[in-house]
>>> print(open('start06.pdb').read())   # PDB, C-alpha atoms, pLDDT in the B column
ATOM      1  CA  MET W 138       6.026   8.522 -22.052  1.00 88.00           C
ATOM      2  CA  GLU W 139       7.342   6.986 -18.869  1.00 86.00           C
ATOM      3  CA  ILE W 140       8.198   9.041 -15.804  1.00 86.00           C
ATOM      4  CA  LYS W 141      10.023   7.386 -12.915  1.00 86.00           C
ATOM      5  CA  VAL W 142       9.253   8.471  -9.381  1.00 85.00           C
ATOM      6  CA  LYS W 143      11.370   7.387  -6.434  1.00 87.00           C
ATOM      7  CA  VAL W 144       9.592   7.278  -3.089  1.00 88.00           C
ATOM      8  CA  ASN W 145      11.728   8.536  -0.205  1.00 86.00           C
ATOM      9  CA  ASP W 146       9.565   7.590   2.733  1.00 91.00           C
ATOM     10  CA  ILE W 147       6.756   5.089   3.262  1.00 91.00           C
ATOM     11  CA  ASP W 148       4.766   4.681   6.454  1.00 92.00           C
ATOM     12  CA  TYR W 149       4.504   0.908   6.057  1.00 87.00           C
ATOM     13  CA  ASP W 150       2.708   0.414   9.351  1.00 85.00           C
ATOM     14  CA  MET W 151      -0.044   2.930   8.545  1.00 87.00           C
ATOM     15  CA  ILE W 152      -0.551   1.616   5.007  1.00 88.00           C
ATOM     16  CA  ILE W 153      -0.850  -1.954   6.283  1.00 82.00           C
ATOM     17  CA  LYS W 154      -3.195  -0.916   9.110  1.00 79.00           C
ATOM     18  CA  ASN W 155      -5.448   1.105   6.792  1.00 83.00           C
ATOM     19  CA  ALA W 156      -5.554  -1.620   4.142  1.00 82.00           C
ATOM     20  CA  LEU W 157      -6.676  -4.424   6.476  1.00 76.00           C
ATOM     21  CA  PRO W 158     -10.241  -4.643   5.143  1.00 75.00           C
ATOM     22  CA  LEU W 159      -8.892  -4.794   1.603  1.00 78.00           C
ATOM     23  CA  LEU W 160      -6.295  -7.413   2.545  1.00 74.00           C
ATOM     24  CA  ARG W 161      -8.902  -9.593   4.237  1.00 71.00           C
ATOM     25  CA  GLU W 162     -11.210  -9.374   1.248  1.00 74.00           C
ATOM     26  CA  LYS W 163      -8.757  -9.760  -1.643  1.00 71.00           C
ATOM     27  CA  SER W 164      -5.854 -11.857  -0.447  1.00 68.00           C
ATOM     28  CA  ASP W 165      -5.541 -15.608  -0.763  1.00 70.00           C
ATOM     29  CA  ASN W 166      -2.153 -15.460   0.951  1.00 67.00           C
ATOM     30  CA  LYS W 167      -2.210 -17.251   4.327  1.00 69.00           C
ATOM     31  CA  ILE W 168       0.444 -14.960   5.841  1.00 65.00           C
ATOM     32  CA  VAL W 169      -1.554 -11.867   4.847  1.00 67.00           C
ATOM     33  CA  LYS W 170      -4.712 -13.343   6.390  1.00 65.00           C
ATOM     34  CA  ILE W 171      -2.859 -14.193   9.629  1.00 68.00           C
ATOM     35  CA  ILE W 172      -1.385 -10.684   9.860  1.00 67.00           C
ATOM     36  CA  ALA W 173      -4.797  -9.146   9.146  1.00 66.00           C
ATOM     37  CA  GLY W 174      -6.369 -11.285  11.876  1.00 67.00           C
ATOM     38  CA  ILE W 175      -3.738 -10.396  14.454  1.00 65.00           C
ATOM     39  CA  ILE W 176      -3.876  -6.688  13.688  1.00 62.00           C
ATOM     40  CA  ASP W 177      -7.671  -6.755  13.968  1.00 63.00           C
ATOM     41  CA  MET W 178      -7.437  -7.614  17.687  1.00 65.00           C
ATOM     42  CA  PRO W 179      -8.425  -4.797  20.092  1.00 64.00           C
ATOM     43  CA  GLY W 180      -5.908  -2.588  21.882  1.00 64.00           C
ATOM     44  CA  GLU W 181      -2.438  -1.335  21.022  1.00 68.00           C
ATOM     45  CA  LEU W 182      -0.746  -4.727  20.774  1.00 66.00           C
ATOM     46  CA  PRO W 183      -1.711  -5.277  17.117  1.00 64.00           C
ATOM     47  CA  LEU W 184      -0.188  -1.947  16.085  1.00 69.00           C
ATOM     48  CA  LYS W 185       3.002  -2.813  17.947  1.00 74.00           C
ATOM     49  CA  MET W 186       2.994  -6.172  16.160  1.00 76.00           C
ATOM     50  CA  ILE W 187       2.954  -4.455  12.764  1.00 77.00           C
ATOM     51  CA  SER W 188       6.254  -2.798  13.643  1.00 79.00           C
ATOM     52  CA  THR W 189       7.790  -6.236  14.287  1.00 83.00           C
ATOM     53  CA  ILE W 190       6.940  -7.561  10.825  1.00 83.00           C
ATOM     54  CA  PRO W 191      10.189  -8.130   8.891  1.00 88.00           C
ATOM     55  CA  GLN W 192      10.961  -5.387   6.347  1.00 89.00           C
ATOM     56  CA  ASP W 193      10.859  -7.831   3.414  1.00 89.00           C
ATOM     57  CA  THR W 194       7.335  -8.850   4.418  1.00 84.00           C
ATOM     58  CA  LYS W 195       6.291  -5.198   4.783  1.00 86.00           C
ATOM     59  CA  ASN W 196       7.674  -4.492   1.297  1.00 88.00           C
ATOM     60  CA  GLU W 197       5.711  -7.425  -0.081  1.00 85.00           C
ATOM     61  CA  LEU W 198       2.500  -6.343   1.669  1.00 83.00           C
ATOM     62  CA  VAL W 199       2.744  -2.708   0.572  1.00 88.00           C
ATOM     63  CA  SER W 200       3.562  -3.767  -3.006  1.00 88.00           C
ATOM     64  CA  TYR W 201       0.512  -6.012  -2.961  1.00 85.00           C
ATOM     65  CA  ILE W 202      -1.680  -3.192  -1.565  1.00 87.00           C
ATOM     66  CA  VAL W 203      -0.434  -0.665  -4.129  1.00 90.00           C
ATOM     67  CA  ASN W 204      -1.052  -3.133  -6.943  1.00 89.00           C
ATOM     68  CA  LEU W 205      -4.612  -3.686  -5.683  1.00 88.00           C
ATOM     69  CA  LYS W 206      -5.226   0.079  -5.452  1.00 91.00           C
ATOM     70  CA  LYS W 207      -3.118   1.250  -8.404  1.00 93.00           C
ATOM     71  CA  ASP W 208      -6.093   2.472 -10.457  1.00 94.00           C
ATOM     72  CA  ALA W 209      -7.336   4.617  -7.568  1.00 94.00           C
ATOM     73  CA  ILE W 210      -3.806   5.894  -6.888  1.00 94.00           C
ATOM     74  CA  ALA W 211      -3.329   6.753 -10.580  1.00 95.00           C
ATOM     75  CA  GLU W 212      -6.645   8.642 -10.552  1.00 96.00           C
ATOM     76  CA  ILE W 213      -5.652  10.615  -7.448  1.00 95.00           C
ATOM     77  CA  ILE W 214      -2.295  11.556  -8.976  1.00 94.00           C
ATOM     78  CA  THR W 215      -3.924  12.515 -12.295  1.00 96.00           C
ATOM     79  CA  GLU W 216      -6.512  14.717 -10.545  1.00 97.00           C
ATOM     80  CA  SER W 217      -3.879  16.335  -8.328  1.00 96.00           C
ATOM     81  CA  LEU W 218      -1.598  17.109 -11.266  1.00 95.00           C
ATOM     82  CA  GLY W 219      -4.511  18.580 -13.226  1.00 96.00           C
ATOM     83  CA  LYS W 220      -5.435  20.865 -10.336  1.00 97.00           C
ATOM     84  CA  LYS W 221      -1.816  22.094 -10.233  1.00 96.00           C
ATOM     85  CA  GLY W 222      -1.784  22.945 -13.947  1.00 97.00           C
ATOM     86  CA  PHE W 223      -0.110  19.754 -15.172  1.00 95.00           C
ATOM     87  CA  PRO W 224      -2.719  17.946 -17.284  1.00 95.00           C
ATOM     88  CA  ILE W 225      -1.028  14.554 -17.243  1.00 94.00           C
ATOM     89  CA  GLU W 226      -3.019  11.324 -17.141  1.00 94.00           C
ATOM     90  CA  VAL W 227      -1.312   8.486 -15.267  1.00 94.00           C
ATOM     91  CA  GLY W 228      -1.839   5.297 -17.257  1.00 92.00           C
ATOM     92  CA  ASP W 229      -0.298   2.708 -14.974  1.00 92.00           C
ATOM     93  CA  ILE W 230       1.640   2.300 -11.766  1.00 91.00           C
ATOM     94  CA  GLU W 231       4.281  -0.356 -11.235  1.00 87.00           C
ATOM     95  CA  VAL W 232       5.886  -1.119  -7.882  1.00 86.00           C
ATOM     96  CA  VAL W 233       9.566  -2.055  -7.968  1.00 80.00           C
ATOM     97  CA  ASN W 234      11.302  -2.903  -4.700  1.00 74.00           C
ATOM     98  CA  LEU W 235      14.905  -1.672  -4.662  1.00 68.00           C
TER
END
>>> encode(input="start06.pdb", output="structure tokens")
Amino acid sequence: MEIKVKVNDIDYDMIIKNALPLLREKSDNKIVKIIAGIIDMPGELPLKMISTIPQDTKNELVSYIVNLKKDAIAEIITESLGKKGFPIEVGDIEVVNL
């Protein structure tokens, strides 16, 4: 069975900020490495710089992050649903940018 879920709101900046160690470790993309390096600088400037990243790039980064973490996300959703009385196991997660 396939269930579609539409996400209404994404805190792109927070996801990108929190995923920096993962991005540095897993990405071969030069742009991702540059962004990770800039954001790793001390102070508030890096966080302000995240907000200036073009939306298309943010979409690409968050899609990449979700794809890297999709097994963990599926496990979290499965556990949460089970605790709420909905024993549904999430098999896969696919990110589609609209």
>>> closest_residue(input="start06.pdb", among="W:Met186, W:Ile230, W:Val142, W:Ala156", to="Ala209 (chain W)", atoms="only C-alpha atoms")
W:Ile230
>>> resolve_selection(input="start06.pdb", expression="the PyMOL selection byres ((chain W and resi 231-235) around 10)", output="list in words")
Lys141, Lys143, Asp193, Asn196, Glu197, Val199, Ser200, Tyr201, Val203, Asn204, Lys207, Asp229 and Ile230 of chain W
>>> atom_distance(input="start06.pdb", atom1="CA of Ser217 (chain W)", atom2="CA of Ile153 (chain W)")
23.6 Å
>>> closest_residue(input="start06.pdb", among="W:Ile187, W:Val227, W:Ile140, W:Ile202", to="Arg161 (chain W)", atoms="all atoms listed in the file")
W:Ile202
>>> atom_distance(input="start06.pdb", atom1="CA of Thr189 (chain W)", atom2="CA of Lys154 (chain W)")
13.3 Å
>>> atom_distance(input="start06.pdb", atom1="CA of Asn145 (chain W)", atom2="CA of Ile210 (chain W)")
17.1 Å
>>> resolve_selection(input="start06.pdb", expression="the PyMOL selection byres ((chain W and resi 225) around 12)", output="ChimeraX atom specification")
/W:138-140,211-224,226-228
>>> closest_residue(input="start06.pdb", among="W:Asp150, W:Val144, W:Asp208, W:Asn155", to="Ile190 (chain W)", atoms="only C-alpha atoms")
W:Asp150
>>> closest_residue(input="start06.pdb", among="W:Thr194, W:Leu205, W:Asp146, W:Lys185", to="Leu160 (chain W)", atoms="only C-alpha atoms")
W:Leu205
>>> closest_residue(input="start06.pdb", among="W:Leu159, W:Ser188, W:Ile147, W:Asp165", to="Lys206 (chain W)", atoms="only C-alpha atoms")
W:Leu159
